[in-house]
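Student: One structure is given below, represented as structure tokens, and several questions about it will come after.
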Amino acid sequence: MTAITASTVLRRRQDVRYRRIEDEAVVLRQSAAEVLVLNGVGASVLDLADGRRPVSAWIDALAEEYGADRETVSRDVLEFAGEAAAAGLLEPVPGIGEPG
Amino acid sequence: MSFGAEFLRHPDLFPGRRSGETWGEGSVTLDVPGGPYRFSGLAAAQEEALRHRFGGLCRPAGTGGVEDATAAGTLVFRAPAADFLEIDTRGWEYALDLDPAPSSLRVAGLRLMARLDWAPALAGGLWTPEAAGEEWTSVCENYLRIVVAYRLLAADGVVLHSAGITDGASAWLLLGPSGAGKTTASRLCLAAGAEVLSDDLNAVVPGEGNRPLVARLPFTGDLGERQGRQGERETWPLRGLLRLRQGPREELSPLSPAAATAALAAASPYVNRDPFRREPLLAILEGLARAVPAWELTFSLEAGLWSILEGLAK
């Protein structure tokens with residue numbers, strides 16, 4: 001499993017569809033007809049996972065959006081990104097920002 | 001496992017279009033939500049079996065005038081029994097194998113192959129070696145469940161794995177996968193004097209002003225046939241949604257619109273596995289989740305479940 005760091009670039013997997021509803025997101029995965037509900041931060045991470053910006057840019061954006069301490073946001077986002085990758089929602093973009 | 005490999009001896013020879021030798025000249029049209037649905041190419045014994053199975057929902061093809069012109073038509077073809085794998089069904093949970101594409105859907109199952117094509121209008125082909133009796137109606141019903149789910153989705157409706165409970169004026173839908181307690185909850189409500197529409201699959205269709213209506217489907221679970229009498233009311237205003245959990249004591253907690261949408265998506269068979277129809281599905285389900293209240297209900301076997309529902313209605 002790829003370790004997620006602030007320099008990792010992640011994108012949503014192709015089979016992931018989601019819909020933002022108020023401050024949450026409903027996520028569907030094609031492979032298993034699996035349905036998840038993400039909280040506001042999780043939903044924002046899905047929005048940000050465009051395969052271009054590294055995780056550090058998400059942390060900056062979310063710290064500003066929520067007016068929260070960057071260190072705390074960093075810890076939460078890295079933890080969530082790792083869980084989302086393990087759950088098959090996000091995947092690293094090959095050759096961009098992967099830890100050497 | 002590749003598409004069809006669980007059921008078919010030669011999945012690579014799956015029919016590419018609606019063609020083959022039909023069973024006969026018979027035809028039946030079914031009045032089911034999202035329909036009508038017309039089955040053609042039937043042998044006399046297949047036609048008779050469908051009339052026996054679906055009773056008052058059947059009518060001879062061609063008697064519905066304009067409605068018949070809009071029927072979702074399915075041609076039924078012979079298929080050699082040798083094309084299908086023998087499956088030991090003891091303790092086996094049956095799940096149809098679906099292969100969705102932008103304008104078609106392939107289906108493989110127990111002694112059935114089917115395809116739906118949407119160009120220009122929805123048309124189906126069903127291949128089976130089953131010539132008559134319950135084996136044939138079971139094939140037909142499994143196929144019909146899928147067609148109804150897709151037809152309703154196209155009409156801003158949805159089929160839901162649910163128990164539909166009514167007091168005669170409006171209806172509740174109790175959501176949950178197999179084992180969540182839909183049949184148990186249905187029995188509890190039935191014993192308390194409520195009517196059960198189905199303990200397995202119910203339809204929701206848009207009513208006047210887009211108000212959601214529950215429509216009875218002829219598809220039931222362990223509780224058995226709940227089909228209404230001919231001419232009897234077949235739709236009820238949807239009063240609320242409950243995601244079921246069995247637990248040691250009763251507990252009721254409201255679901256957020258997102259959680260309700262997720263519960264509905266998990267309970268939308270067939271179409272929730274189709275990546276080409278997920279956005280419209282989620283849009284319809286979000287609308288539904290916002291239109292009616294939704295809760296998670298933990299209940300026990302001793303629960304006065306119906307009184308809980310009645311209490312919510314007040």
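So you can find residues: chains in the structure tokens are A, B, ... in the order shown, residues in each start at 1, and ligands are numbered from 1 in order.
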Would you give me, as a Markdown table, each residue of chain A having an atom within 7 Å of an atom of chain B, along with its shortest atom pair and that distance in Å to one decimal, using only C-alpha atoms and sorting by chain and residue number?
Tutor:
| residue | atom | partner | partner_atom | distance |
| --- | --- | --- | --- | --- |
| A:Ile21 | CA | B:Ala258 | CA | 5.5 |
| A:Glu24 | CA | B:Ala258 | CA | 6.2 |
| A:Ala25 | CA | B:Ala258 | CA | 6.4 |
| A:Val26 | CA | B:Ala262 | CA | 5.9 |
| A:Gln30 | CA | B:Arg273 | CA | 5.6 |
| A:Ala33 | CA | B:Arg273 | CA | 5.1 |
| A:Glu34 | CA | B:Ala266 | CA | 6.8 |
| A:Val35 | CA | B:Ala262 | CA | 5.8 |
| A:Leu36 | CA | B:Ala262 | CA | 6.6 |
| A:Val37 | CA | B:Ala259 | CA | 6.2 |
Student: Once you have the residues from the selection above, write them out as a PDB file, in the first residue's frame, restricted to C-alpha atoms.
Tutor:
ATOM      1  CA  ILE A  21     -25.995  16.744   0.082  1.00  0.00           C
ATOM      2  CA  GLU A  24     -22.173  15.524   3.655  1.00  0.00           C
ATOM      3  CA  ALA A  25     -21.521  13.360   0.600  1.00  0.00           C
ATOM      4  CA  VAL A  26     -23.069  10.103  -0.559  1.00  0.00           C
ATOM      5  CA  GLN A  30     -19.452   0.539  -8.941  1.00  0.00           C
ATOM      6  CA  ALA A  33     -22.868  -1.368  -5.063  1.00  0.00           C
ATOM      7  CA  GLU A  34     -21.386  -0.007  -1.865  1.00  0.00           C
ATOM      8  CA  VAL A  35     -22.753   3.215  -0.410  1.00  0.00           C
ATOM      9  CA  LEU A  36     -20.913   5.436   2.034  1.00  0.00           C
ATOM     10  CA  VAL A  37     -21.740   8.718   3.739  1.00  0.00           C
TER      11      VAL A  37
END
Student: Could you tell me, as number ranges by chain, which residues of chain A DSSP assigns to strand (DSSP E) when given the backbone?
Tutor: A: 9-12, 16-21, 24-29, 34-38, 50-54, 90-92
Student: Based on the selection just made, write N, CA and C atoms of those residues as a CSV table (one decimal), in the first residue's frame.
Tutor:
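Saved result, again30.csv, follows:
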chain,number,residue,atom,x,y,z
A,9,VAL,N,0.0,13.0,-4.7
A,9,VAL,CA,-1.1,13.5,-5.5
A,9,VAL,C,-2.1,12.3,-5.7
A,10,LEU,N,-3.3,12.6,-5.3
A,10,LEU,CA,-4.4,11.6,-5.3
A,10,LEU,C,-5.5,12.0,-6.2
A,11,ARG,N,-6.2,11.1,-6.8
A,11,ARG,CA,-7.4,11.4,-7.5
A,11,ARG,C,-8.5,10.4,-7.1
A,12,ARG,N,-9.7,10.8,-7.4
A,12,ARG,CA,-10.9,9.8,-7.2
A,12,ARG,C,-10.7,8.7,-8.2
A,16,VAL,N,-15.9,5.7,-8.8
A,16,VAL,CA,-16.5,6.4,-7.7
A,16,VAL,C,-17.4,7.5,-8.2
A,17,ARG,N,-18.6,7.5,-7.7
A,17,ARG,CA,-19.6,8.6,-8.0
A,17,ARG,C,-20.0,9.1,-6.7
A,18,TYR,N,-20.2,10.4,-6.6
A,18,TYR,CA,-20.6,11.0,-5.3
A,18,TYR,C,-21.5,12.2,-5.5
A,19,ARG,N,-22.3,12.4,-4.5
A,19,ARG,CA,-23.2,13.6,-4.6
A,19,ARG,C,-23.2,14.3,-3.3
A,20,ARG,N,-22.9,15.6,-3.3
A,20,ARG,CA,-22.9,16.4,-2.1
A,20,ARG,C,-24.3,16.7,-1.7
A,21,ILE,N,-24.7,16.4,-0.4
A,21,ILE,CA,-26.0,16.7,0.1
A,21,ILE,C,-25.8,17.5,1.4
A,24,GLU,N,-22.7,16.9,3.7
A,24,GLU,CA,-22.2,15.5,3.7
A,24,GLU,C,-22.1,15.1,2.2
A,25,ALA,N,-21.6,13.9,2.0
A,25,ALA,CA,-21.5,13.4,0.6
A,25,ALA,C,-21.9,11.9,0.6
A,26,VAL,N,-22.7,11.5,-0.4
A,26,VAL,CA,-23.1,10.1,-0.6
A,26,VAL,C,-22.2,9.6,-1.7
A,27,VAL,N,-21.5,8.5,-1.4
A,27,VAL,CA,-20.5,7.9,-2.3
A,27,VAL,C,-21.0,6.5,-2.8
A,28,LEU,N,-21.0,6.3,-4.1
A,28,LEU,CA,-21.3,5.0,-4.6
A,28,LEU,C,-20.0,4.4,-5.3
A,29,ARG,N,-19.8,3.2,-5.1
A,29,ARG,CA,-18.7,2.5,-5.8
A,29,ARG,C,-19.3,1.4,-6.7
A,34,GLU,N,-21.6,-0.4,-3.2
A,34,GLU,CA,-21.4,0.0,-1.9
A,34,GLU,C,-21.7,1.5,-1.7
A,35,VAL,N,-22.3,1.8,-0.6
A,35,VAL,CA,-22.8,3.2,-0.4
A,35,VAL,C,-22.2,3.7,0.9
A,36,LEU,N,-21.5,4.9,0.8
A,36,LEU,CA,-20.9,5.4,2.0
A,36,LEU,C,-21.4,6.9,2.2
A,37,VAL,N,-21.4,7.3,3.5
A,37,VAL,CA,-21.7,8.7,3.7
A,37,VAL,C,-20.5,9.3,4.4
A,38,LEU,N,-20.0,10.4,3.8
A,38,LEU,CA,-18.8,11.1,4.3
A,38,LEU,C,-19.3,12.4,4.9
A,50,ASP,N,-8.5,15.9,-7.4
A,50,ASP,CA,-8.6,16.1,-8.8
A,50,ASP,C,-7.4,15.5,-9.6
A,51,GLY,N,-6.5,14.9,-8.8
A,51,GLY,CA,-5.3,14.3,-9.5
A,51,GLY,C,-4.3,15.3,-10.0
A,52,ARG,N,-4.4,16.6,-9.5
A,52,ARG,CA,-3.4,17.6,-9.9
A,52,ARG,C,-2.7,18.2,-8.7
A,53,ARG,N,-3.5,18.5,-7.7
A,53,ARG,CA,-2.9,19.1,-6.5
A,53,ARG,C,-2.5,18.1,-5.5
A,54,PRO,N,-1.3,18.3,-4.8
A,54,PRO,CA,-0.9,17.4,-3.8
A,54,PRO,C,-1.7,17.6,-2.5
A,90,LEU,N,-9.9,6.7,-3.4
A,90,LEU,CA,-8.8,7.5,-4.0
A,90,LEU,C,-7.7,6.6,-4.4
A,91,GLU,N,-6.9,7.1,-5.4
A,91,GLU,CA,-5.7,6.4,-5.8
A,91,GLU,C,-4.6,7.4,-6.2
A,92,PRO,N,-3.4,7.0,-5.9
A,92,PRO,CA,-2.3,7.9,-6.3
A,92,PRO,C,-2.2,8.1,-7.8
Student: Grab the atom CA of Arg90 of chain B to atom CA of Leu144 of chain B distance for me, in Å with one decimal place.
Tutor: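 One can read the atom CA of Arg90 of chain B to atom CA of Leu144 of chain B distance as 23.9 Å.
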Student: Nearest residue to Gly95 of chain A out of A:Ser74, A:Ser56, A:Asn39, A:Ser7, using only C-alpha atoms?
Tutor: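 Using only C-alpha atoms, the shortest distance to Gly95 of chain A belongs to A:Ser7.
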Student: Need the shell around Leu122 of chain B: protein/DNA/RNA residues with any atom at most 9 Å away, counting only C-alpha atoms. Skip same-chain ones fewer than 2 positions apart. Format as a list in words?
Tutor: Ala71, Ala72, Gly73, Ser104, Leu116, Asp117, Trp118, Ala119, Pro120, Gly124 and Arg151 of chain B
Student: Would you work out the distance separating atom CA of Arg78 of chain B from atom CA of Gly24 of chain B, expressed in Å to one decimal?
Tutor: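 Between atom CA of Arg78 of chain B and atom CA of Gly24 of chain B the gap works out to 9.5 Å.
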Student: Segment 39-55 of chain B: which residues within 12 Å, counting only C-alpha atoms, same-chain residues fewer than 4 positions away excluded, as a compact mmCIF listing (two decimals) with N, CA and C atoms, in the first residue's frame?
Tutor:
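And here's selection.txt as it stands now:
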# COMPACT_ATOMS: atom_id res chain seq x y z
N ARG B 18 -31.15 -9.29 -30.25
CA ARG B 18 -32.38 -10.07 -30.01
C ARG B 18 -32.65 -10.97 -31.20
N SER B 19 -32.19 -12.17 -31.15
CA SER B 19 -32.47 -13.08 -32.25
C SER B 19 -32.44 -14.50 -31.73
N GLY B 20 -33.06 -15.41 -32.50
CA GLY B 20 -33.11 -16.80 -32.12
C GLY B 20 -34.47 -17.39 -32.45
N GLU B 21 -34.73 -18.57 -31.92
CA GLU B 21 -36.01 -19.23 -32.18
C GLU B 21 -36.92 -18.98 -30.98
N THR B 22 -38.04 -18.34 -31.24
CA THR B 22 -38.96 -18.08 -30.12
C THR B 22 -39.67 -19.38 -29.74
N TRP B 23 -40.31 -19.36 -28.57
CA TRP B 23 -40.99 -20.56 -28.08
C TRP B 23 -42.32 -20.78 -28.78
N GLY B 24 -42.95 -19.72 -29.23
CA GLY B 24 -44.27 -19.85 -29.86
C GLY B 24 -44.80 -18.49 -30.28
N GLU B 25 -46.12 -18.42 -30.39
CA GLU B 25 -46.76 -17.20 -30.88
C GLU B 25 -47.49 -16.45 -29.77
N GLY B 26 -47.44 -16.99 -28.56
CA GLY B 26 -48.20 -16.41 -27.47
C GLY B 26 -47.63 -15.09 -26.98
N SER B 27 -48.48 -14.34 -26.29
CA SER B 27 -48.06 -13.02 -25.82
C SER B 27 -48.89 -12.62 -24.60
N VAL B 28 -48.25 -11.98 -23.65
CA VAL B 28 -48.94 -11.52 -22.44
C VAL B 28 -48.46 -10.12 -22.11
N THR B 29 -49.36 -9.26 -21.72
CA THR B 29 -48.98 -7.91 -21.27
C THR B 29 -49.30 -7.79 -19.78
N LEU B 30 -48.32 -7.29 -19.04
CA LEU B 30 -48.47 -7.17 -17.59
C LEU B 30 -48.61 -5.70 -17.20
N ASP B 31 -49.61 -5.41 -16.39
CA ASP B 31 -49.78 -4.05 -15.85
C ASP B 31 -49.10 -3.97 -14.50
N VAL B 32 -47.85 -3.57 -14.54
CA VAL B 32 -47.03 -3.44 -13.33
C VAL B 32 -46.44 -2.03 -13.38
N GLY B 35 -44.89 0.08 -16.34
CA GLY B 35 -45.25 -0.66 -17.54
C GLY B 35 -46.22 0.08 -18.41
N ARG B 59 -53.06 -9.17 -19.08
CA ARG B 59 -54.16 -9.01 -20.04
C ARG B 59 -53.63 -9.42 -21.41
N PRO B 60 -54.52 -9.80 -22.29
CA PRO B 60 -54.05 -10.19 -23.62
C PRO B 60 -53.39 -9.01 -24.31
N ALA B 61 -52.33 -9.26 -25.06
CA ALA B 61 -51.66 -8.18 -25.78
C ALA B 61 -52.64 -7.55 -26.75
N GLY B 62 -52.49 -6.23 -26.93
CA GLY B 62 -53.32 -5.55 -27.92
C GLY B 62 -54.62 -5.02 -27.36
N ASP B 68 -50.37 -0.04 -25.03
CA ASP B 68 -49.58 -1.15 -25.55
C ASP B 68 -48.46 -0.66 -26.46
N ALA B 71 -45.47 -0.14 -24.43
CA ALA B 71 -45.05 -1.26 -23.58
C ALA B 71 -43.58 -1.59 -23.81
N ALA B 72 -42.93 -1.98 -22.73
CA ALA B 72 -41.56 -2.49 -22.84
C ALA B 72 -41.69 -3.93 -23.34
N GLY B 73 -41.26 -4.15 -24.57
CA GLY B 73 -41.47 -5.45 -25.19
C GLY B 73 -40.27 -6.37 -25.00
N THR B 74 -40.58 -7.63 -24.70
CA THR B 74 -39.52 -8.64 -24.57
C THR B 74 -39.88 -9.85 -25.42
N LEU B 75 -38.92 -10.27 -26.23
CA LEU B 75 -39.09 -11.49 -27.00
C LEU B 75 -38.42 -12.62 -26.23
N VAL B 76 -39.11 -13.75 -26.17
CA VAL B 76 -38.58 -14.88 -25.40
C VAL B 76 -38.12 -15.97 -26.37
N PHE B 77 -36.87 -16.38 -26.21
CA PHE B 77 -36.25 -17.33 -27.13
C PHE B 77 -35.89 -18.63 -26.41
N ARG B 78 -35.84 -19.70 -27.20
CA ARG B 78 -35.36 -20.98 -26.68
C ARG B 78 -33.85 -20.91 -26.49
N ALA B 123 -36.08 -2.41 -25.42
CA ALA B 123 -36.55 -3.70 -25.92
C ALA B 123 -35.69 -4.78 -25.28
N GLY B 124 -36.34 -5.88 -24.94
CA GLY B 124 -35.62 -6.94 -24.24
C GLY B 124 -35.63 -8.25 -24.99
N GLY B 125 -34.64 -9.06 -24.73
CA GLY B 125 -34.58 -10.43 -25.23
C GLY B 125 -34.28 -11.33 -24.04
N LEU B 126 -35.00 -12.44 -23.97
CA LEU B 126 -34.83 -13.38 -22.85
C LEU B 126 -34.65 -14.78 -23.43
N TRP B 127 -33.54 -15.43 -23.08
CA TRP B 127 -33.25 -16.77 -23.57
C TRP B 127 -33.27 -17.74 -22.39
N THR B 128 -34.05 -18.80 -22.51
CA THR B 128 -34.15 -19.75 -21.41
C THR B 128 -34.52 -21.13 -21.93
N PRO B 129 -34.13 -22.17 -21.22
CA PRO B 129 -34.59 -23.51 -21.59
C PRO B 129 -35.88 -23.90 -20.88
N GLU B 130 -36.40 -23.00 -20.01
CA GLU B 130 -37.58 -23.35 -19.21
C GLU B 130 -38.85 -23.18 -20.04
N ALA B 131 -39.60 -24.27 -20.21
CA ALA B 131 -40.74 -24.28 -21.12
C ALA B 131 -42.07 -24.01 -20.42
N ALA B 132 -42.11 -24.17 -19.11
CA ALA B 132 -43.40 -24.04 -18.43
C ALA B 132 -43.20 -24.05 -16.92
N GLY B 133 -44.30 -23.88 -16.21
CA GLY B 133 -44.31 -24.09 -14.76
C GLY B 133 -43.56 -23.04 -13.97
N GLU B 134 -43.32 -23.38 -12.70
CA GLU B 134 -42.69 -22.42 -11.78
C GLU B 134 -41.27 -22.08 -12.18
N GLU B 135 -40.56 -23.04 -12.82
CA GLU B 135 -39.19 -22.74 -13.25
C GLU B 135 -39.22 -21.59 -14.25
N TRP B 136 -40.19 -21.65 -15.17
CA TRP B 136 -40.30 -20.58 -16.17
C TRP B 136 -40.73 -19.26 -15.52
N THR B 137 -41.74 -19.28 -14.65
CA THR B 137 -42.20 -18.02 -14.06
C THR B 137 -41.11 -17.41 -13.18
N SER B 138 -40.30 -18.28 -12.58
CA SER B 138 -39.19 -17.76 -11.77
C SER B 138 -38.17 -17.03 -12.64
N VAL B 139 -37.85 -17.62 -13.79
CA VAL B 139 -36.95 -16.95 -14.75
C VAL B 139 -37.54 -15.62 -15.17
N CYS B 140 -38.82 -15.65 -15.51
CA CYS B 140 -39.49 -14.46 -16.01
C CYS B 140 -39.53 -13.37 -14.93
N GLU B 141 -39.85 -13.78 -13.69
CA GLU B 141 -39.95 -12.80 -12.61
C GLU B 141 -38.59 -12.17 -12.31
N TYR B 143 -36.19 -11.69 -14.35
CA TYR B 143 -35.92 -10.76 -15.44
C TYR B 143 -36.80 -9.51 -15.30
N LEU B 144 -38.08 -9.71 -15.01
CA LEU B 144 -39.02 -8.60 -14.92
C LEU B 144 -38.62 -7.61 -13.82
N VAL B 147 -36.23 -5.22 -15.40
CA VAL B 147 -36.85 -4.31 -16.37
C VAL B 147 -37.66 -3.25 -15.64
N LEU B 217 -45.82 -3.75 -5.94
CA LEU B 217 -45.20 -4.61 -6.96
C LEU B 217 -45.55 -6.07 -6.66
N PRO B 218 -45.63 -6.89 -7.69
CA PRO B 218 -45.98 -8.31 -7.46
C PRO B 218 -44.76 -9.15 -7.11
N PHE B 219 -43.83 -8.58 -6.36
CA PHE B 219 -42.61 -9.29 -6.00
C PHE B 219 -42.51 -9.32 -4.47
N GLU B 225 -47.27 -14.07 -1.32
CA GLU B 225 -48.03 -13.21 -2.22
C GLU B 225 -48.87 -12.18 -1.47
N ARG B 226 -48.69 -10.91 -1.83
CA ARG B 226 -49.48 -9.84 -1.21
C ARG B 226 -50.30 -9.10 -2.25
N GLN B 227 -50.42 -9.68 -3.44
CA GLN B 227 -51.08 -8.98 -4.54
C GLN B 227 -52.48 -8.52 -4.16
N GLY B 228 -52.79 -7.28 -4.49
CA GLY B 228 -54.11 -6.76 -4.17
C GLY B 228 -55.17 -7.31 -5.11
N ARG B 229 -56.40 -7.09 -4.74
CA ARG B 229 -57.48 -7.54 -5.60
C ARG B 229 -57.61 -6.59 -6.79
N GLN B 230 -58.13 -7.14 -7.90
CA GLN B 230 -58.28 -6.32 -9.10
C GLN B 230 -59.18 -5.12 -8.79
Student: Which residues are close to segment 183-187 of chain B, i.e. within 9 Å by only C-alpha atoms, leaving aside same-chain residues fewer than 3 positions away? Reply as a short mmCIF file (atom, residue, chain, number, x, y, z; two decimals) with N, CA and C atoms, in the first residue's frame.
Tutor:
data_model
loop_
_atom_site.label_atom_id
_atom_site.label_comp_id
_atom_site.auth_asym_id
_atom_site.auth_seq_id
_atom_site.Cartn_x
_atom_site.Cartn_y
_atom_site.Cartn_z
N ALA B 163 -39.85 -3.27 2.97
CA ALA B 163 -41.18 -3.74 3.34
C ALA B 163 -42.09 -2.53 3.25
N GLY B 164 -43.18 -2.68 2.53
CA GLY B 164 -44.14 -1.59 2.39
C GLY B 164 -45.32 -1.86 3.32
N ILE B 165 -45.56 -0.92 4.24
CA ILE B 165 -46.62 -1.10 5.25
C ILE B 165 -47.61 0.05 5.11
N LEU B 174 -39.88 0.30 4.97
CA LEU B 174 -38.85 -0.15 5.89
C LEU B 174 -37.72 -0.72 5.04
N GLY B 179 -31.97 -10.02 5.66
CA GLY B 179 -31.51 -10.26 7.03
C GLY B 179 -31.68 -9.07 7.94
N ALA B 180 -32.06 -7.91 7.38
CA ALA B 180 -32.21 -6.72 8.23
C ALA B 180 -33.49 -6.78 9.05
N LEU B 190 -48.32 -6.73 10.41
CA LEU B 190 -49.50 -7.48 9.98
C LEU B 190 -50.32 -7.93 11.19
N ALA B 191 -49.60 -8.42 12.20
CA ALA B 191 -50.28 -8.91 13.41
C ALA B 191 -50.97 -7.77 14.14
N ALA B 192 -50.44 -6.55 13.96
CA ALA B 192 -51.04 -5.40 14.65
C ALA B 192 -52.15 -4.76 13.83
N ALA B 194 -51.99 -3.80 10.44
CA ALA B 194 -51.62 -3.04 9.26
C ALA B 194 -51.63 -3.95 8.03
N GLU B 195 -51.60 -3.34 6.85
CA GLU B 195 -51.52 -4.14 5.62
C GLU B 195 -50.08 -4.09 5.10
N VAL B 196 -49.60 -5.22 4.63
CA VAL B 196 -48.25 -5.28 4.05
C VAL B 196 -48.39 -5.35 2.54
N SER B 198 -45.62 -5.43 0.26
CA SER B 198 -44.63 -6.46 -0.07
C SER B 198 -43.57 -6.40 1.01
N ASP B 199 -43.01 -7.56 1.34
CA ASP B 199 -41.92 -7.57 2.33
C ASP B 199 -40.57 -7.63 1.65
N ASP B 200 -40.54 -7.38 0.33
CA ASP B 200 -39.27 -7.49 -0.39
C ASP B 200 -39.00 -6.30 -1.31
N GLY B 221 -41.20 -11.44 -0.66
CA GLY B 221 -40.17 -12.27 -0.05
C GLY B 221 -40.80 -13.46 0.66
N ASP B 222 -40.30 -13.76 1.85
CA ASP B 222 -40.75 -14.95 2.57
C ASP B 222 -42.22 -14.86 3.01
N LEU B 223 -42.74 -13.64 3.08
CA LEU B 223 -44.12 -13.47 3.53
C LEU B 223 -45.13 -13.98 2.50
N LEU B 244 -33.95 -0.20 8.78
CA LEU B 244 -34.14 -1.17 9.87
C LEU B 244 -32.84 -1.72 10.43
N PHE B 299 -35.20 -2.27 16.26
CA PHE B 299 -36.39 -2.88 16.86
C PHE B 299 -36.08 -4.29 17.33
N LEU B 301 -37.82 -8.22 18.58
CA LEU B 301 -38.93 -9.09 18.18
C LEU B 301 -40.17 -8.83 19.02
N LEU B 305 -43.97 -2.56 16.83
CA LEU B 305 -43.43 -1.81 15.69
C LEU B 305 -44.48 -0.91 15.06
N TRP B 306 -45.67 -1.46 14.89
CA TRP B 306 -46.70 -0.67 14.24
C TRP B 306 -47.09 0.53 15.09
#
Student: Excluding same-chain residues fewer than 4 positions from Glu83 of chain A, what lies within 12 Å of it counting only C-alpha atoms, as a PyMOL selection string?
Tutor: chain A and resi 1-4+38+42+45+76-79+87-91
Student: Convert the current residue selection to file output with N, CA and C atoms, as a short mmCIF file (atom, residue, chain, number, x, y, z; two decimals), in the first residue's frame.
Tutor:
data_model
loop_
_atom_site.label_atom_id
_atom_site.label_comp_id
_atom_site.auth_asym_id
_atom_site.auth_seq_id
_atom_site.Cartn_x
_atom_site.Cartn_y
_atom_site.Cartn_z
N MET A 1 0.85 -1.20 0.00
CA MET A 1 0.00 0.00 0.00
C MET A 1 0.89 1.26 0.00
N THR A 2 0.53 2.24 -0.82
CA THR A 2 1.30 3.46 -0.91
C THR A 2 1.09 4.31 0.34
N ALA A 3 2.21 4.79 0.93
CA ALA A 3 2.08 5.69 2.07
C ALA A 3 1.64 7.06 1.55
N ILE A 4 0.69 7.65 2.24
CA ILE A 4 0.19 8.96 1.82
C ILE A 4 0.95 10.03 2.61
N LEU A 38 -20.02 10.41 3.75
CA LEU A 38 -18.85 11.11 4.27
C LEU A 38 -19.27 12.41 4.93
N GLY A 42 -14.62 14.99 4.65
CA GLY A 42 -14.47 13.92 3.66
C GLY A 42 -15.02 14.34 2.31
N VAL A 45 -12.63 16.69 0.71
CA VAL A 45 -11.46 15.98 0.18
C VAL A 45 -11.79 15.35 -1.18
N ASP A 76 -5.65 15.08 10.32
CA ASP A 76 -6.96 14.51 9.96
C ASP A 76 -7.03 14.16 8.47
N VAL A 77 -6.50 15.06 7.64
CA VAL A 77 -6.59 14.84 6.19
C VAL A 77 -5.73 13.65 5.77
N LEU A 78 -4.51 13.57 6.33
CA LEU A 78 -3.65 12.43 5.97
C LEU A 78 -4.28 11.12 6.41
N GLU A 79 -4.88 11.15 7.59
CA GLU A 79 -5.53 9.93 8.08
C GLU A 79 -6.72 9.56 7.17
N ALA A 87 -9.93 2.20 1.13
CA ALA A 87 -11.31 1.81 0.81
C ALA A 87 -11.58 1.85 -0.69
N GLY A 88 -10.57 2.27 -1.46
CA GLY A 88 -10.73 2.26 -2.91
C GLY A 88 -11.44 3.48 -3.45
N LEU A 89 -11.50 4.55 -2.66
CA LEU A 89 -12.14 5.77 -3.17
C LEU A 89 -11.13 6.65 -3.90
N LEU A 90 -9.89 6.67 -3.39
CA LEU A 90 -8.84 7.50 -3.97
C LEU A 90 -7.68 6.62 -4.40
N GLU A 91 -6.92 7.12 -5.39
CA GLU A 91 -5.72 6.39 -5.81
C GLU A 91 -4.63 7.39 -6.17
#
Student: Give me, please, the distance in Å between atom CA of Ala215 of chain B and atom CA of Gly287 of chain B, quoted to one decimal.
Tutor: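 Separation of atom CA of Ala215 of chain B and atom CA of Gly287 of chain B: 17.2 Å.
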Student: Which polymer residues have any atom within 10 Å of an atom of Gly207 of chain B, counting only C-alpha atoms, with same-chain residues fewer than 3 positions away left out, as a short mmCIF file (atom, residue, chain, number, x, y, z; two decimals) with N, CA and C atoms, in the first residue's frame?
Tutor:
data_model
loop_
_atom_site.label_atom_id
_atom_site.label_comp_id
_atom_site.auth_asym_id
_atom_site.auth_seq_id
_atom_site.Cartn_x
_atom_site.Cartn_y
_atom_site.Cartn_z
N GLY B 157 -38.80 7.27 -11.03
CA GLY B 157 -39.23 6.42 -9.93
C GLY B 157 -38.10 5.49 -9.53
N VAL B 204 -41.53 3.30 -5.76
CA VAL B 204 -41.93 4.68 -5.46
C VAL B 204 -42.01 5.41 -6.78
N ASN B 210 -45.16 15.97 -7.80
CA ASN B 210 -43.95 15.20 -7.48
C ASN B 210 -43.97 14.58 -6.09
N ARG B 211 -45.13 14.56 -5.46
CA ARG B 211 -45.21 13.90 -4.15
C ARG B 211 -45.04 12.40 -4.34
N PRO B 212 -44.13 11.79 -3.57
CA PRO B 212 -43.85 10.37 -3.79
C PRO B 212 -45.01 9.46 -3.37
N LEU B 213 -45.30 8.50 -4.24
CA LEU B 213 -46.33 7.51 -3.96
C LEU B 213 -45.69 6.13 -3.92
N VAL B 214 -46.12 5.30 -3.01
CA VAL B 214 -45.69 3.91 -2.98
C VAL B 214 -46.63 3.11 -3.87
N THR B 235 -51.72 2.57 -5.16
CA THR B 235 -50.69 3.52 -4.74
C THR B 235 -51.13 4.21 -3.45
N TRP B 236 -50.13 4.58 -2.65
CA TRP B 236 -50.38 5.24 -1.37
C TRP B 236 -49.34 6.35 -1.19
N PRO B 237 -49.71 7.50 -0.68
CA PRO B 237 -48.71 8.54 -0.39
C PRO B 237 -47.65 8.00 0.57
#
Student: Give the answer as one residue: which of A:Leu48, A:Ala43, A:Val55, A:Pro94 has the shortest atom-to-atom distance to Thr8 of chain A, using only C-alpha atoms?
Tutor: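 Ranking A:Leu48, A:Ala43, A:Val55, A:Pro94 by distance to Thr8 of chain A, first place goes to A:Val55.
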Student: Name the residues of segment 35-98 of chain A that come out as alpha helix (DSSP H) in a backbone DSSP run; write them as a ChimeraX atom specification.
Tutor: /A:40-48,55-66,70-86
Student: Check the smallest atom-to-atom distance from each of A:Ala6, A:Ala86, A:Val41, A:Ala81 to Ala63 of chain A using only C-alpha atoms, then report the winner.
Tutor: A:Val41
